Each structure stands twice: as structure tokens, then as C-alpha cells.
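Listing of entry-v2.cif, mmCIF, C-alpha atoms
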```cif
data_run
loop_
_atom_site.group_PDB
_atom_site.id
_atom_site.type_symbol
_atom_site.label_atom_id
_atom_site.label_comp_id
_atom_site.auth_asym_id
_atom_site.auth_seq_id
_atom_site.Cartn_x
_atom_site.Cartn_y
_atom_site.Cartn_z
ATOM 1 C CA MET A 81 18.103 27.624 -69.878
ATOM 2 C CA SER A 82 20.107 28.274 -66.732
ATOM 3 C CA HIS A 83 18.482 29.824 -63.677
ATOM 4 C CA PRO A 84 19.564 33.397 -62.770
ATOM 5 C CA ARG A 85 20.506 32.298 -59.267
ATOM 6 C CA ASP A 86 22.971 29.745 -60.616
ATOM 7 C CA VAL A 87 24.610 32.182 -63.014
ATOM 8 C CA LEU A 88 24.657 35.437 -61.087
ATOM 9 C CA LEU A 89 25.108 34.834 -57.370
ATOM 10 C CA GLY A 90 28.696 34.379 -56.261
ATOM 11 C CA SER A 91 29.992 33.465 -52.819
ATOM 12 C CA GLN A 92 29.787 37.056 -51.593
ATOM 13 C CA ALA A 93 26.499 38.098 -53.174
ATOM 14 C CA GLY A 94 23.313 36.863 -51.648
ATOM 15 C CA SER A 95 24.417 33.345 -50.764
ATOM 16 C CA VAL A 96 21.771 33.387 -47.997
ATOM 17 C CA GLN A 97 18.159 34.326 -48.769
ATOM 18 C CA LEU A 98 15.786 35.042 -45.864
ATOM 19 C CA PRO A 99 12.408 36.761 -45.475
ATOM 20 C CA VAL A 100 12.821 40.501 -44.848
ATOM 21 C CA CYS A 101 10.915 40.404 -41.546
ATOM 22 C CA ASP A 102 11.745 38.425 -38.399
ATOM 23 C CA HIS A 103 8.877 38.519 -35.888
ATOM 24 C CA TYR A 104 9.582 37.850 -32.194
ATOM 25 C CA SER A 105 7.177 36.697 -29.505
ATOM 26 C CA GLY A 106 7.648 34.887 -26.205
ATOM 27 C CA VAL A 107 4.307 34.710 -24.407
ATOM 28 C CA GLU A 108 2.400 31.524 -25.260
ATOM 29 C CA ALA A 109 -0.753 33.231 -26.556
ATOM 30 C CA ARG A 110 1.284 35.592 -28.734
ATOM 31 C CA MET A 111 3.486 32.814 -30.061
ATOM 32 C CA ARG A 112 0.410 30.876 -31.155
ATOM 33 C CA LYS A 113 -1.090 34.001 -32.738
ATOM 34 C CA SER A 114 2.200 34.684 -34.541
ATOM 35 C CA LEU A 115 2.249 31.229 -36.091
ATOM 36 C CA GLN A 116 -1.369 31.581 -37.180
ATOM 37 C CA LEU A 117 -0.684 35.020 -38.661
ATOM 38 C CA GLN A 118 2.270 33.598 -40.561
ATOM 39 C CA ALA A 119 0.072 30.865 -42.018
ATOM 40 C CA ASP A 120 -2.632 33.382 -42.985
ATOM 41 C CA MET A 121 -0.165 35.740 -44.672
ATOM 42 C CA THR A 122 1.577 32.881 -46.462
ATOM 43 C CA GLN A 123 -1.765 32.012 -48.024
ATOM 44 C CA GLU A 124 -2.396 35.679 -48.847
ATOM 45 C CA PHE A 125 0.971 36.354 -50.510
ATOM 46 C CA GLY A 126 1.750 32.929 -51.920
ATOM 47 C CA THR A 127 5.065 32.754 -50.047
ATOM 48 C CA CYS A 128 6.211 32.945 -46.443
ATOM 49 C CA VAL A 129 6.929 36.656 -45.972
ATOM 50 C CA PHE A 130 8.224 36.616 -42.398
ATOM 51 C CA ASP A 131 9.921 34.306 -39.943
ATOM 52 C CA VAL A 132 8.466 33.599 -36.510
ATOM 53 C CA THR A 133 11.096 33.453 -33.779
ATOM 54 C CA LEU A 134 9.874 31.964 -30.520
ATOM 55 C CA ASP A 135 11.699 33.648 -27.669
ATOM 56 C CA CYS A 136 13.292 31.850 -24.737
ATOM 57 C CA GLU A 137 15.631 34.655 -23.660
ATOM 58 C CA ASP A 138 13.059 37.315 -22.790
ATOM 59 C CA GLY A 139 10.006 35.087 -22.981
ATOM 60 C CA ALA A 140 10.918 32.553 -20.319
ATOM 61 C CA PRO A 141 10.016 33.419 -16.707
ATOM 62 C CA VAL A 142 12.927 33.200 -14.265
ATOM 63 C CA GLY A 143 12.883 29.701 -12.841
ATOM 64 C CA GLY A 144 10.666 28.408 -15.640
ATOM 65 C CA GLU A 145 13.286 28.137 -18.373
ATOM 66 C CA ALA A 146 12.973 24.367 -18.836
ATOM 67 C CA GLU A 147 9.191 24.511 -19.123
ATOM 68 C CA HIS A 148 9.398 27.354 -21.630
ATOM 69 C CA ALA A 149 11.948 25.469 -23.744
ATOM 70 C CA ALA A 150 9.577 22.493 -23.810
ATOM 71 C CA LEU A 151 6.711 24.785 -24.827
ATOM 72 C CA VAL A 152 8.509 26.386 -27.773
ATOM 73 C CA THR A 153 9.677 22.952 -28.883
ATOM 74 C CA GLU A 154 6.093 21.686 -28.988
ATOM 75 C CA LEU A 155 4.967 24.815 -30.859
ATOM 76 C CA ALA A 156 7.702 24.350 -33.451
ATOM 77 C CA LEU A 157 6.877 20.666 -33.896
ATOM 78 C CA SER A 158 3.166 21.405 -34.325
ATOM 79 C CA ALA A 159 3.635 24.251 -36.828
ATOM 80 C CA ALA A 160 2.483 23.826 -40.425
ATOM 81 C CA PRO A 161 4.972 22.028 -42.713
ATOM 82 C CA GLU A 162 5.613 25.205 -44.730
ATOM 83 C CA ALA A 163 6.095 27.383 -41.640
ATOM 84 C CA ARG A 164 9.387 29.156 -41.016
ATOM 85 C CA VAL A 165 10.002 28.881 -37.271
ATOM 86 C CA ALA A 166 13.112 29.713 -35.260
ATOM 87 C CA VAL A 167 13.930 29.958 -31.554
ATOM 88 C CA ARG A 168 16.003 32.467 -29.609
ATOM 89 C CA VAL A 169 17.794 30.589 -26.835
ATOM 90 C CA HIS A 170 19.632 31.991 -23.817
ATOM 91 C CA PRO A 171 23.191 33.340 -24.239
ATOM 92 C CA VAL A 172 26.044 30.817 -24.229
ATOM 93 C CA ASP A 173 27.089 31.820 -20.698
ATOM 94 C CA HIS A 174 23.583 31.461 -19.235
ATOM 95 C CA PRO A 175 22.940 28.409 -17.009
ATOM 96 C CA SER A 176 20.036 27.363 -19.259
ATOM 97 C CA PHE A 177 21.882 27.576 -22.578
ATOM 98 C CA HIS A 178 22.915 23.921 -22.903
ATOM 99 C CA ALA A 179 19.535 22.693 -21.692
ATOM 100 C CA ASP A 180 17.837 24.967 -24.246
ATOM 101 C CA MET A 181 19.925 23.532 -27.048
ATOM 102 C CA ALA A 182 19.500 19.938 -25.935
ATOM 103 C CA THR A 183 15.724 20.262 -25.710
ATOM 104 C CA ILE A 184 14.957 22.552 -28.644
ATOM 105 C CA ALA A 185 17.602 21.611 -31.205
ATOM 106 C CA GLY A 186 17.626 18.004 -30.013
ATOM 107 C CA ARG A 187 13.902 17.505 -30.611
ATOM 108 C CA ALA A 188 12.888 20.063 -33.255
ATOM 109 C CA ALA A 189 15.923 20.653 -35.473
ATOM 110 C CA ASN A 190 14.109 19.302 -38.522
ATOM 111 C CA ARG A 191 11.315 21.868 -38.059
ATOM 112 C CA LEU A 192 13.479 24.921 -37.325
ATOM 113 C CA THR A 193 15.006 27.293 -39.835
ATOM 114 C CA HIS A 194 17.684 28.425 -37.361
ATOM 115 C CA ILE A 195 18.617 29.103 -33.760
ATOM 116 C CA MET A 196 19.152 32.721 -32.671
ATOM 117 C CA VAL A 197 21.935 33.162 -30.112
ATOM 118 C CA PRO A 198 21.913 36.488 -28.230
ATOM 119 C CA LYS A 199 24.840 38.433 -26.753
ATOM 120 C CA VAL A 200 27.476 36.861 -28.976
ATOM 121 C CA GLU A 201 30.815 38.493 -28.207
ATOM 122 C CA SER A 202 33.267 36.563 -30.362
ATOM 123 C CA VAL A 203 33.830 33.652 -32.729
ATOM 124 C CA ALA A 204 34.453 31.525 -29.629
ATOM 125 C CA ASP A 205 30.805 32.012 -28.650
ATOM 126 C CA VAL A 206 29.716 30.876 -32.106
ATOM 127 C CA GLN A 207 31.914 27.819 -31.770
ATOM 128 C CA LEU A 208 30.329 26.995 -28.414
ATOM 129 C CA ALA A 209 26.871 27.270 -29.969
ATOM 130 C CA GLU A 210 27.910 25.125 -32.919
ATOM 131 C CA GLN A 211 29.275 22.454 -30.599
ATOM 132 C CA ALA A 212 26.011 22.475 -28.641
ATOM 133 C CA LEU A 213 24.096 21.927 -31.885
ATOM 134 C CA ILE A 214 26.342 19.007 -32.815
ATOM 135 C CA GLN A 215 25.905 17.471 -29.373
ATOM 136 C CA ALA A 216 22.135 17.821 -29.778
ATOM 137 C CA GLY A 217 22.258 16.000 -33.112
ATOM 138 C CA ALA A 218 21.471 19.165 -35.106
ATOM 139 C CA LYS A 219 24.676 19.327 -37.125
ATOM 140 C CA ASP A 220 23.072 21.141 -40.090
ATOM 141 C CA LEU A 221 20.987 23.747 -38.254
ATOM 142 C CA ALA A 222 21.977 27.364 -39.001
ATOM 143 C CA LEU A 223 22.831 29.980 -36.403
ATOM 144 C CA HIS A 224 21.776 33.616 -36.309
ATOM 145 C CA VAL A 225 23.601 35.822 -33.828
ATOM 146 C CA LEU A 226 22.780 39.031 -32.005
ATOM 147 C CA ILE A 227 25.531 41.666 -31.775
ATOM 148 C CA GLU A 228 24.925 43.784 -28.682
ATOM 149 C CA SER A 229 28.182 45.304 -27.425
ATOM 150 C CA PRO A 230 31.036 47.509 -28.683
ATOM 151 C CA ALA A 231 33.457 44.558 -28.494
ATOM 152 C CA ALA A 232 31.123 42.375 -30.537
ATOM 153 C CA VAL A 233 30.806 45.098 -33.171
ATOM 154 C CA HIS A 234 34.611 45.205 -33.329
ATOM 155 C CA ARG A 235 34.626 41.457 -34.100
ATOM 156 C CA ALA A 236 31.630 41.491 -36.470
ATOM 157 C CA PHE A 237 33.639 40.596 -39.586
ATOM 158 C CA ASP A 238 35.149 37.516 -37.924
ATOM 159 C CA ILE A 239 31.760 36.436 -36.574
ATOM 160 C CA ALA A 240 30.083 36.877 -39.968
ATOM 161 C CA ALA A 241 32.797 34.774 -41.598
ATOM 162 C CA HIS A 242 31.871 31.664 -39.598
ATOM 163 C CA PRO A 243 30.204 29.181 -41.999
ATOM 164 C CA ARG A 244 27.475 28.225 -39.511
ATOM 165 C CA VAL A 245 26.279 31.853 -39.214
ATOM 166 C CA GLN A 246 23.550 32.978 -41.622
ATOM 167 C CA SER A 247 22.683 36.388 -40.228
ATOM 168 C CA LEU A 248 23.842 39.085 -37.806
ATOM 169 C CA SER A 249 21.277 41.195 -35.945
ATOM 170 C CA PHE A 250 21.969 44.460 -34.158
ATOM 171 C CA GLY A 251 20.831 44.684 -30.533
ATOM 172 C CA LEU A 252 20.239 48.405 -30.178
ATOM 173 C CA MET A 253 19.151 48.742 -26.561
ATOM 174 C CA ASP A 254 21.870 46.553 -25.069
ATOM 175 C CA PHE A 255 24.439 48.302 -27.271
ATOM 176 C CA VAL A 256 23.407 51.736 -25.999
ATOM 177 C CA SER A 257 23.268 50.504 -22.411
ATOM 178 C CA ALA A 258 26.799 49.095 -22.719
ATOM 179 C CA HIS A 259 28.126 52.660 -23.069
ATOM 180 C CA SER A 260 27.467 53.594 -19.423
ATOM 181 C CA GLY A 261 25.470 56.686 -20.283
ATOM 182 C CA ALA A 262 27.837 57.960 -22.997
ATOM 183 C CA ILE A 263 25.023 57.546 -25.538
ATOM 184 C CA PRO A 264 21.821 59.356 -24.474
ATOM 185 C CA ALA A 265 18.463 57.597 -24.318
ATOM 186 C CA HIS A 266 17.553 59.323 -27.584
ATOM 187 C CA GLY A 267 20.009 56.933 -29.244
ATOM 188 C CA MET A 268 17.491 54.133 -28.707
ATOM 189 C CA SER A 269 14.611 56.013 -30.353
ATOM 190 C CA GLY A 270 13.286 55.592 -33.862
ATOM 191 C CA GLN A 271 15.064 58.762 -34.984
ATOM 192 C CA GLY A 272 18.064 58.928 -32.664
ATOM 193 C CA GLN A 273 19.352 55.495 -33.633
ATOM 194 C CA PHE A 274 20.004 56.860 -37.128
ATOM 195 C CA THR A 275 21.853 59.980 -36.031
ATOM 196 C CA HIS A 276 24.091 59.215 -33.052
ATOM 197 C CA PRO A 277 27.581 58.546 -34.493
ATOM 198 C CA LEU A 278 28.401 55.527 -32.323
ATOM 199 C CA VAL A 279 25.110 53.814 -33.145
ATOM 200 C CA VAL A 280 25.443 54.651 -36.834
ATOM 201 C CA ARG A 281 28.977 53.267 -36.884
ATOM 202 C CA ALA A 282 27.834 50.013 -35.254
ATOM 203 C CA LYS A 283 25.028 49.556 -37.751
ATOM 204 C CA LEU A 284 27.333 50.131 -40.696
ATOM 205 C CA GLU A 285 29.990 47.749 -39.350
ATOM 206 C CA ILE A 286 27.447 44.954 -38.951
ATOM 207 C CA ALA A 287 25.920 45.499 -42.392
ATOM 208 C CA SER A 288 29.382 45.656 -44.002
ATOM 209 C CA ALA A 289 30.501 42.477 -42.231
ATOM 210 C CA CYS A 290 27.450 40.617 -43.484
ATOM 211 C CA HIS A 291 27.794 41.765 -47.074
ATOM 212 C CA ALA A 292 31.511 40.909 -47.049
ATOM 213 C CA HIS A 293 30.641 37.279 -46.321
ATOM 214 C CA GLY A 294 27.316 36.823 -48.128
ATOM 215 C CA LYS A 295 25.277 36.862 -44.904
ATOM 216 C CA VAL A 296 22.065 38.737 -44.025
ATOM 217 C CA PRO A 297 22.196 41.916 -41.895
ATOM 218 C CA SER A 298 19.068 42.177 -39.737
ATOM 219 C CA HIS A 299 18.069 45.565 -38.369
ATOM 220 C CA CYS A 300 17.025 46.171 -34.777
ATOM 221 C CA VAL A 301 13.586 46.809 -33.373
ATOM 222 C CA VAL A 302 11.665 50.064 -33.270
ATOM 223 C CA THR A 303 10.156 50.152 -29.790
ATOM 224 C CA GLU A 304 7.489 52.748 -30.667
ATOM 225 C CA PHE A 305 5.321 49.940 -32.009
ATOM 226 C CA ASN A 306 2.168 52.074 -32.176
ATOM 227 C CA ASP A 307 3.874 54.665 -34.400
ATOM 228 C CA THR A 308 3.550 53.161 -37.875
ATOM 229 C CA THR A 309 5.035 56.251 -39.513
ATOM 230 C CA ALA A 310 8.180 56.040 -37.383
ATOM 231 C CA LEU A 311 8.507 52.322 -38.056
ATOM 232 C CA ARG A 312 8.134 52.703 -41.814
ATOM 233 C CA ALA A 313 10.685 55.527 -41.859
ATOM 234 C CA ALA A 314 13.141 53.445 -39.845
ATOM 235 C CA ALA A 315 12.717 50.417 -42.113
ATOM 236 C CA GLN A 316 13.225 52.557 -45.222
ATOM 237 C CA ARG A 317 16.387 54.150 -43.818
ATOM 238 C CA ALA A 318 17.715 50.765 -42.695
ATOM 239 C CA ALA A 319 17.190 49.346 -46.187
ATOM 240 C CA HIS A 320 18.101 52.323 -48.379
ATOM 241 C CA GLU A 321 20.871 54.013 -46.383
ATOM 242 C CA PHE A 322 22.364 51.355 -44.102
ATOM 243 C CA GLY A 323 22.289 48.241 -46.265
ATOM 244 C CA TYR A 324 19.974 46.073 -44.148
ATOM 245 C CA THR A 325 17.875 43.458 -45.926
ATOM 246 C CA ARG A 326 15.943 42.183 -42.917
ATOM 247 C CA MET A 327 14.348 43.733 -39.807
ATOM 248 C CA TRP A 328 12.908 42.646 -36.484
ATOM 249 C CA SER A 329 9.251 42.989 -35.587
ATOM 250 C CA ILE A 330 8.043 42.880 -31.963
ATOM 251 C CA HIS A 331 4.354 43.515 -32.649
ATOM 252 C CA PRO A 332 2.073 42.104 -35.371
ATOM 253 C CA ALA A 333 1.247 45.655 -36.505
ATOM 254 C CA GLN A 334 4.891 46.119 -37.498
ATOM 255 C CA ILE A 335 5.044 43.268 -40.009
ATOM 256 C CA ARG A 336 3.242 44.817 -42.982
ATOM 257 C CA PRO A 337 5.007 48.216 -42.729
ATOM 258 C CA ILE A 338 8.355 46.404 -42.712
ATOM 259 C CA LEU A 339 7.364 44.383 -45.795
ATOM 260 C CA GLU A 340 6.204 47.526 -47.583
ATOM 261 C CA ALA A 341 9.284 49.550 -46.667
ATOM 262 C CA MET A 342 11.741 46.857 -47.755
ATOM 263 C CA ALA A 343 9.922 45.880 -50.951
ATOM 264 C CA PRO A 344 10.985 47.342 -54.312
ATOM 265 C CA ASP A 345 8.412 49.588 -55.951
ATOM 266 C CA ALA A 346 6.500 48.681 -59.107
ATOM 267 C CA ALA A 347 8.793 50.696 -61.383
ATOM 268 C CA ALA A 348 11.907 48.967 -60.038
ATOM 269 C CA ILE A 349 10.292 45.553 -60.494
ATOM 270 C CA GLU A 350 9.340 46.382 -64.077
ATOM 271 C CA VAL A 351 12.869 47.461 -65.027
ATOM 272 C CA ALA A 352 14.469 44.501 -63.240
ATOM 273 C CA SER A 353 12.106 42.076 -64.982
ATOM 274 C CA GLU A 354 12.848 43.500 -68.417
ATOM 275 C CA ILE A 355 16.609 43.389 -67.911
ATOM 276 C CA VAL A 356 16.803 39.906 -66.385
ATOM 277 C CA LEU A 357 14.522 38.373 -69.022
ATOM 278 C CA ALA A 358 16.461 40.036 -71.850
ATOM 279 C CA ALA A 359 19.764 38.916 -70.316
ATOM 280 C CA ARG A 360 18.573 35.350 -70.028
ATOM 281 C CA ALA A 361 17.421 35.393 -73.660
ATOM 282 C CA ALA A 362 20.923 36.582 -74.586
ATOM 283 C CA GLN A 363 22.408 33.720 -72.527
ATOM 284 C CA TRP A 364 23.769 36.307 -70.056
ATOM 285 C CA ALA A 365 25.886 38.121 -72.624
ATOM 286 C CA PRO A 366 25.878 41.966 -72.444
ATOM 287 C CA ILE A 367 22.712 43.752 -73.622
ATOM 288 C CA SER A 368 21.508 47.290 -74.205
ATOM 289 C CA HIS A 369 18.408 48.439 -72.312
ATOM 290 C CA GLN A 370 16.985 51.932 -72.774
ATOM 291 C CA GLY A 371 20.349 53.190 -74.024
ATOM 292 C CA GLN A 372 22.388 51.664 -71.195
ATOM 293 C CA LEU A 373 24.817 48.768 -71.363
ATOM 294 C CA HIS A 374 24.248 45.917 -68.902
ATOM 295 C CA ASP A 375 26.261 42.804 -68.157
ATOM 296 C CA ARG A 376 26.502 40.243 -65.370
ATOM 297 C CA ALA A 377 27.593 42.816 -62.803
ATOM 298 C CA SER A 378 24.313 44.722 -63.164
ATOM 299 C CA TYR A 379 22.270 41.580 -63.892
ATOM 300 C CA ARG A 380 23.129 40.440 -60.367
ATOM 301 C CA PHE A 381 21.677 43.640 -58.894
ATOM 302 C CA PHE A 382 18.445 43.395 -60.874
ATOM 303 C CA TRP A 383 18.032 39.703 -60.050
ATOM 304 C CA GLN A 384 18.332 40.549 -56.367
ATOM 305 C CA VAL A 385 15.590 43.164 -56.824
ATOM 306 C CA LEU A 386 13.342 40.391 -58.123
ATOM 307 C CA GLU A 387 14.267 38.070 -55.260
ATOM 308 C CA ARG A 388 13.405 40.794 -52.763
ATOM 309 C CA ALA A 389 10.134 41.451 -54.574
ATOM 310 C CA HIS A 390 9.224 37.771 -54.339
ATOM 311 C CA SER A 391 10.174 37.511 -50.665
ATOM 312 C CA THR A 392 7.970 40.502 -49.821
ATOM 313 C CA GLY A 393 4.942 39.171 -51.702
ATOM 314 C CA CYS A 394 5.034 41.674 -54.565
ATOM 315 C CA SER A 395 3.239 41.018 -57.834
ATOM 316 C CA LEU A 396 5.613 39.756 -60.534
ATOM 317 C CA PRO A 397 5.206 39.195 -64.285
ATOM 318 C CA ALA A 398 4.233 35.627 -65.169
ATOM 319 C CA GLU A 399 7.579 34.940 -66.869
ATOM 320 C CA VAL A 400 9.453 36.043 -63.746
ATOM 321 C CA GLN A 401 7.201 34.049 -61.421
ATOM 322 C CA LEU A 402 8.460 30.881 -63.115
ATOM 323 C CA PHE A 403 11.907 31.500 -61.587
ATOM 324 C CA PHE A 404 10.412 31.039 -58.127
ATOM 325 C CA LYS A 405 8.481 27.831 -58.703
ATOM 326 C CA ASP A 406 9.785 24.925 -56.632
#
```

In C-alpha cells, how does this file's structure come out?
Amino acid sequence: MSHPRDVLLGSQAGSVQLPVCDHYSGVEARMRKSLQLQADMTQEFGTCVFDVTLDCEDGAPVGGEAEHAALVTELALSAAPEARVAVRVHPVDHPSFHADMATIAGRAANRLTHIMVPKVESVADVQLAEQALIQAGAKDLALHVLIESPAAVHRAFDIAAHPRVQSLSFGLMDFVSAHSGAIPAHGMSGQGQFTHPLVVRAKLEIASACHAHGKVPSHCVVTEFNDTTALRAAAQRAAHEFGYTRMWSIHPAQIRPILEAMAPDAAAIEVASEIVLAARAAQWAPISHQGQLHDRASYRFFWQVLERAHSTGCSLPAEVQLFFKD
């Protein structure tokens, strides 16, 4: 029988599947610990539940950019075969951008899931990054981009439409800072970022742009990394109210709360499993489940619940687990 993914996912519905957590680190010891934690949790959950992004933008010391690029390249090349490793390079207008791409993408493209490009302002910046990848011999490597200014938010739909782009992330702190004090510091907090109208509008624009083009919207950091309650609340609001299906982590303690907040609960998994299995048995014709009519429009939703459950390491019925075997 046909696989749900082949039947249900159109060009604008989940064409890109990524782990729900993207963990950033830039100091050598922390990068190594991040890769080890990823390997440990992959063994624990049976799937890779978060990406590790090695950071050149904020991680590289001024004047030591070339050495740092060489370091992250070696870390990526030495990672386990099943690891999901990415690198954040410098912005396209930074003097080290082309050297970053030549070193990192040129040597480690086959081991990277993507390159993250910060401070993207327009499609022209994406095109510059794509050309740098091609010049480095990494013609198939995906790009993730960081939207950090009001002008970039305005162009989010055009940026998301670029075929090389897999995901848009929201850069909260730079976005607030770009407003010259018009947004108070509270707008960068775990609570304020969900209430200030300009920040809310930016988040919704980015999420809408991604969903319009089948890309992944990735939510910004919560800087209060010791406040697990605040982090979990932010992740739940990002997922349930703002349409984000992925979120940044900047501390290992943030990874599990993000997974838990973005995972479907047991009841949702049970219903989704019943409906998808019944639909498949009916060869995707309409069915009745608990007095409600379902067809391919709702099958797509319930299949995506199961995909999210798998990507967050949730327990799935044996029949459903077969869908995720290689």
C-alpha cells in the first residue's frame, strides 16, 4: 500500500521535515558536548530529535574567524554518520562570509544538513549565499535564514519562496534593537515577545510565509535559560498559537522542554493513529471515525501529528512505527 507521505503531502504542506529543536553552540567545549548529547539522545529516542548548529557568527573570536571555521569543519567531519550537524556562518556582507563558505561548505558539505545564514535582508542575500555554495562545490546543500529586521520581515514571503531555503528563523533581539527604542526591553523577554504588537506581527508574518511555501518556521530563543517554566510556556505558545514547528535552544537544559512542549500528547497520537490507519485501509477514501467524517484534507493533519510525534521521540503504535522505518 502507498505511504501516507506520498499520498497526503502536497507542495505547500510539510514538504520539509526537520527536528523540532535546533541547538546552538559556538565554544569548542560546548560544541563537542552538544554533539555528544545529540548522539546520546538519538540512542535514547531512536531518532535524532534535535539539530546541532555550530556557530561561527557569535562563536568566532574577532580576528580568529578562519581558525574557528576550520574548527567547526573538523567537528562536522568527525561527527557520527547519523548526526544532524549544521553551521551558522557570518552574514553575506561580513568580510569572512566567503571564506566561511569556501572552508565549511567546500570541505564538509556531505556531512552538513544545512548552512544557516544570519541577517538576511532580501532574496538577493539568499542568491549570494546560494552562489557561494555553488562556488564551494556544495550545489545541493540547503540554506536556513535568520530574519532579524523590519525590512526582512516585510520580504519574508519572497525569501521563503526561494527553492534553496528550507527554514526561516526569527531573530528576536536584533529585531527589537532595530526599532531604536520604539519596542521596550520587555519585548525581548519570555512573556513580552508574545504581547508586543510589533513583535507578534513579525512572528506571524514569518510563520505565514513559511507555511505558504512548505518551509519550516523556527522560533527564536528564550534567553532566560534557567527558567524552565518560562521556556516551556514560550515553546507551547509558539507551537499552538503562532504556528511554529521548530525552536532554537541555546542551553542543553532547554532541549527537553522544547521537545515536550512541541510534541503531541498521548490522546492526540491515539486519535491520529486510528484515523490514519483506517484511512490507509480504505485506500484513502473518506471514512467515519467516532461519528465524524474524514477525508484527505483531515488525513493530512493527522499524518502530520504522527510525523511530529516521531520527530519528538514519542511512543507510537507498532503499526504506525512501520511508516518511519528506513

List the residues matched by the PyMOL selection byres ((chain A and resi 239) around 9) in the displayed structure as a PyMOL selection string, ordered by chain and then by residue number.
-> chain A and resi 200-204+206+225+232+235-238+240-242+245+248+289

May I have the protein, DNA and RNA residues with any atom at most 6 Å from the point (11.0, 55.7, -33.6), counting all atoms listed in the file, written as a list in words?
-> Ser269, Gly270, Gln271, Val302, Glu304 and Ala310 of chain A

Those same residues - C-alpha atoms - I'd like them written as a PDB file, in the coordinates of the input.
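Everything below was put into result-v1.pdb:
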```
ATOM      1  CA  SER A 269      14.611  56.013 -30.353  1.00  0.00           C
ATOM      2  CA  GLY A 270      13.286  55.592 -33.862  1.00  0.00           C
ATOM      3  CA  GLN A 271      15.064  58.762 -34.984  1.00  0.00           C
ATOM      4  CA  VAL A 302      11.665  50.064 -33.270  1.00  0.00           C
ATOM      5  CA  GLU A 304       7.489  52.748 -30.667  1.00  0.00           C
ATOM      6  CA  ALA A 310       8.180  56.040 -37.383  1.00  0.00           C
TER       7      ALA A 310
END
```

What residues come out when you apply the PyMOL selection byres ((chain A and resi 254) around 12) to this file, written as a ChimeraX atom specification?
-> /A:198-200,226-230,232,250-253,255-261,263,265,267-268,279,300-301

If you count all atoms listed in the file, which residues fall within 7 Å of stretch 377-387 of chain A, apart from same-chain ones fewer than 2 positions away, as a PyMOL selection string?
-> chain A and resi 88-89+344+349+352+356+374-375+389-391

How many Å separate atom CA of A:Gln211 from atom CA of A:Ala159?
->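 Distance reported for this atom pair: 26.4 Å.
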
Residues matched by the PyMOL selection byres ((chain A and resi 114-130) around 10), written as a count of residues only | 44

Gap from atom CA of A:Ala209 to atom CA of A:Leu278 - Å, one decimal = 28.4 Å

Quick one, how far is atom CA of A:Ala146 from atom CA of A:His174?
->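 These two atoms are separated by 12.8 Å.
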
Output as JSON the centre and edge lengths (Å, one decimal) of the box along x, y and z of the file that holds every listed atom of stretch 233-247 of chain A after adding 3 Å on each side.
```
{"center_x": 28.9, "center_y": 36.7, "center_z": -37.6, "size_x": 18.5, "size_y": 23.0, "size_z": 14.8}
```

List the residues sitting within 7 Å of (22.0, 38.1, -43.8) in the file's frame, using all atoms listed in the file, as a PDB file with C-alpha atoms, in the frame of the given file.
```pdb
ATOM      1  CA  VAL A  96      21.771  33.387 -47.997  1.00  0.00           C
ATOM      2  CA  GLN A 246      23.550  32.978 -41.622  1.00  0.00           C
ATOM      3  CA  SER A 247      22.683  36.388 -40.228  1.00  0.00           C
ATOM      4  CA  LEU A 248      23.842  39.085 -37.806  1.00  0.00           C
ATOM      5  CA  CYS A 290      27.450  40.617 -43.484  1.00  0.00           C
ATOM      6  CA  GLY A 294      27.316  36.823 -48.128  1.00  0.00           C
ATOM      7  CA  LYS A 295      25.277  36.862 -44.904  1.00  0.00           C
ATOM      8  CA  VAL A 296      22.065  38.737 -44.025  1.00  0.00           C
ATOM      9  CA  PRO A 297      22.196  41.916 -41.895  1.00  0.00           C
ATOM     10  CA  SER A 298      19.068  42.177 -39.737  1.00  0.00           C
TER      11      SER A 298
END
```

Top pick for closest residue to A:Ala287, considering A:Pro175, A:Gly323, A:Gly186, A:Gly272 and counting all atoms listed in the file |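 Smallest distance to A:Ala287 is found for A:Gly323.
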
Minimum-distance residue to A:Thr193, chosen among A:Glu399, A:Glu210, A:Asp173, A:Asp220 (using all atoms listed in the file) =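 Closest to A:Thr193, using all atoms listed in the file: A:Asp220.
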
Which one of A:Ala231, A:Met181, A:Val197, A:Ala319 sits closest to A:Lys219 if you count all atoms listed in the file?
->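 Smallest distance to A:Lys219 is found for A:Met181.
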
Which one is closest to A:Phe322: A:Gln273, A:Ser82, A:Thr153, A:Gln97? Count all atoms listed in the file.
->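 When distances to A:Phe322 are compared using all atoms listed in the file, the smallest one comes from A:Gln273.
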